[in-house]
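First up is the structure itself, then whatever we jot down about it.
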Amino acid sequence: MALGVNQPESLYLPDLAEITQVEQVTEMEKFFHVHLKSGDKLGHKPGQFVNVSAFGAGEAPFSVSSSPTMEDGFELCIRNAGNVTSALHKLEPGAIIGVRGPFGNGFPLDMIRGRDILFVAGGLGLVPARSLINYVLDNRDDHGKVTILYSCKNPSELLFKDELARWEKRDDVNYQVTVDNPDGEWDRHVGVITTLFSKITFDPERTVAVVVGPPVMYRFVALECIQRGIQENHIVMSLERHMKCGVGKCGHCQINSKCVCQDGPVFTLTQLRTMPEGGVIRR
Ligand SMILES: Cc1cc2nc3c(=O)[nH]c(=O)nc-3n(C[C@H](O)[C@H](O)[C@H](O)COP(=O)(O)OP(=O)(O)OC[C@H]3O[C@@H](n4cnc5c(N)ncnc54)[C@H](O)[C@@H]3O)c2cc1C
Ligand code: FES
């Protein structure tokens, strides 16, 4: 059985899992399809993360990128950033890794059900956002309008290109993409992600904004959402903090009285206002 937060005695013990598919998606990121050796489902919610160990190298947290509606295993997308991630990047299909979790609160599914959803994903933020996007698209009748804004620094950094093309083709999704630095072939929007707001309309009373991306993005996207009338408790953001245990014990991820690994990583803007040490959003 997958090790979940409801099994405190085994919180530090990884489950063994097999990598069944590896794909280089950009120069820096690899996609991994993973199955727990037990045959169990991971049992995650969109927005939760797992702690993955590359044996002999260490352990690091990664968002689960697949939707829980995917029957067959789960997916990760990992940037090669240092010791653990470079060890994971060397692994081939058939390799065994350790998995602890799923951890964290995940996105508020009850809040978004029945509402219009505005996804704002910058860079690697698409990795956790994709879990919720695909969950919403697999339960399309339960949700209102779906708008997806996605940005990267360069066109070469765009993730999941086939999937982006499928979202764009759908009549029931408004997908907009932008890059900061176009190359010679880029014929789409250019500018930071907030410049996409001028291309969309939404009813702020009905809309929940789901924002995931680099810290620098949060303040500007929050301001744009507020100016367009979205309530602060309907602006939902997923934070990334340095983490170790993942289960609220070590304090590495603490902001004020909150442990990002357990109380988060997903917070509303209203909650973030009460966490000034996080430095994420200040008035
Ligand atoms: C909840 C959560 C979800 C995450 N999801 C993903 C994901 O889906 N895909 C992905 O590629 N990465 C994700 N990360 C970031 C990932 O955990 C780090 O890149 C990883 O821990 C780096 O480990 P390393 O041993 O390879 O790097 P190290 O050798 O430890 O460090 C390399 C560099 O990365 C910096 N670094 C290490 N950890 C973090 C961190 N948590 N945040 C920012 N910088 C860090 C270090 O300061 C150092 O400069 C997530 C982090 C968190 C907390
Ligand atoms: S990572 Fe240890 S308390 Fe959050």
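Here's how to read the names in the structure tokens: chain A, B, ... by the order shown, residue numbers from 1 in each chain, ligand numbers from 1 in the order shown.
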
Could you list the protein, DNA and RNA residues that have any atom within 9 Å of ligand 1, counting only C-alpha atoms and all ligand atoms, and write them as a VMD selection string?
chain A and resid 28 to 30 47 to 51 57 to 65 76 to 88 103 to 104 124 to 128 238 to 244 246 253 260 to 261 264 to 265

Please produce a file of the residues just selected, as a CSV table (one decimal), in the first residue's frame, where the atoms kept are C-alpha atoms.
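This is the output file part.csv:
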chain,number,residue,atom,x,y,z
A,28,MET,CA,16.8,20.5,-18.5
A,29,GLU,CA,13.6,18.5,-17.8
A,30,LYS,CA,12.9,14.8,-18.0
A,47,GLY,CA,-1.3,19.7,-6.1
A,48,GLN,CA,0.3,17.1,-3.7
A,49,PHE,CA,3.9,16.1,-3.9
A,50,VAL,CA,6.1,13.0,-3.3
A,51,ASN,CA,9.6,12.7,-1.8
A,57,ALA,CA,22.3,10.2,-3.9
A,58,GLY,CA,19.5,11.4,-1.6
A,59,GLU,CA,15.8,12.4,-1.6
A,60,ALA,CA,14.0,15.5,-2.9
A,61,PRO,CA,10.3,16.6,-3.3
A,62,PHE,CA,8.5,16.7,-6.6
A,63,SER,CA,5.0,17.6,-7.5
A,64,VAL,CA,2.9,14.8,-9.0
A,65,SER,CA,2.1,16.0,-12.5
A,76,LEU,CA,6.8,13.4,-12.6
A,77,CYS,CA,8.6,16.0,-14.5
A,78,ILE,CA,12.0,16.8,-13.0
A,79,ARG,CA,14.5,19.6,-13.8
A,80,ASN,CA,18.2,18.6,-13.5
A,81,ALA,CA,19.2,21.1,-10.7
A,82,GLY,CA,21.7,19.3,-8.5
A,83,ASN,CA,22.7,16.1,-6.8
A,84,VAL,CA,19.5,14.2,-6.5
A,85,THR,CA,17.9,15.4,-9.7
A,86,SER,CA,21.1,14.6,-11.8
A,87,ALA,CA,21.1,11.1,-10.3
A,88,LEU,CA,17.4,10.7,-11.3
A,103,PHE,CA,2.2,14.8,1.0
A,104,GLY,CA,0.7,18.3,1.4
A,124,LEU,CA,7.9,24.5,-14.1
A,125,GLY,CA,4.6,25.6,-12.4
A,126,LEU,CA,2.9,23.8,-15.2
A,127,VAL,CA,4.0,20.5,-13.6
A,128,PRO,CA,1.6,20.7,-10.6
A,238,SER,CA,1.2,26.7,-4.6
A,239,LEU,CA,4.5,27.5,-2.8
A,240,GLU,CA,7.9,25.9,-3.1
A,241,ARG,CA,10.1,25.8,-0.1
A,242,HIS,CA,13.3,23.9,0.8
A,243,MET,CA,12.0,20.7,2.4
A,244,LYS,CA,13.4,17.7,4.1
A,246,GLY,CA,7.8,16.4,4.1
A,253,CYS,CA,9.8,24.6,5.2
A,260,VAL,CA,4.5,24.4,3.8
A,261,CYS,CA,4.9,20.6,3.5
A,264,GLY,CA,0.5,23.8,2.1
A,265,PRO,CA,2.0,23.8,-0.4

Can you pull out the residues contacting region 205-218 of chain A? Cut-off 10 Å, using only C-alpha atoms, and skip same-chain residues under 4 positions away; I want them as a PyMOL selection string.
chain A and resi 47+107-108+111-129+132-133+144-152+192-194+222-225+229-240+266+268-269+279-281

Strand (DSSP E) residues, from DSSP on the backbone, in region 163-233 of chain A, as a PyMOL selection string:
chain A and resi 173-179+189-190+207-212

Would you compute the distance between CA of Glu185 (chain A) and CA of Ser131 (chain A)? Give it in Å to one decimal.
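Distance between the two atoms: 29.1 Å.
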
Contact residues around Phe32 (chain A) with only C-alpha atoms at 10 Å, ignoring same-chain residues under 3 positions, as a list in words
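Non-adjacent residues within range: Glu18, Ile19, Thr20, Gln21, Val22, Glu23, Gln24, Glu29, His35, Ser65, Phe74, Glu75, Leu76, Cys77, Ile78, Leu88, His89, Leu91, Glu92 and Pro93 of chain A.
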
Write down as a ChimeraX atom specification the residues of region 142-259 of chain A whose backbone DSSP state falls under alpha helix (DSSP H).
/A:161-169,215-227

To one decimal in Å, tell me the separation between CA of Val179 (chain A) and CA of Leu159 (chain A).
12.5 Å

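Among the candidate residues A:Lys45, A:Lys161, A:Phe202, A:Asn174, the one lying nearest to Asp110 (chain A) is A:Lys45, with distances computed using only C-alpha atoms.
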
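The two atoms in question, CA of Tyr135 (chain A) and CA of Ser67 (chain A), are spaced 5.1 Å apart.
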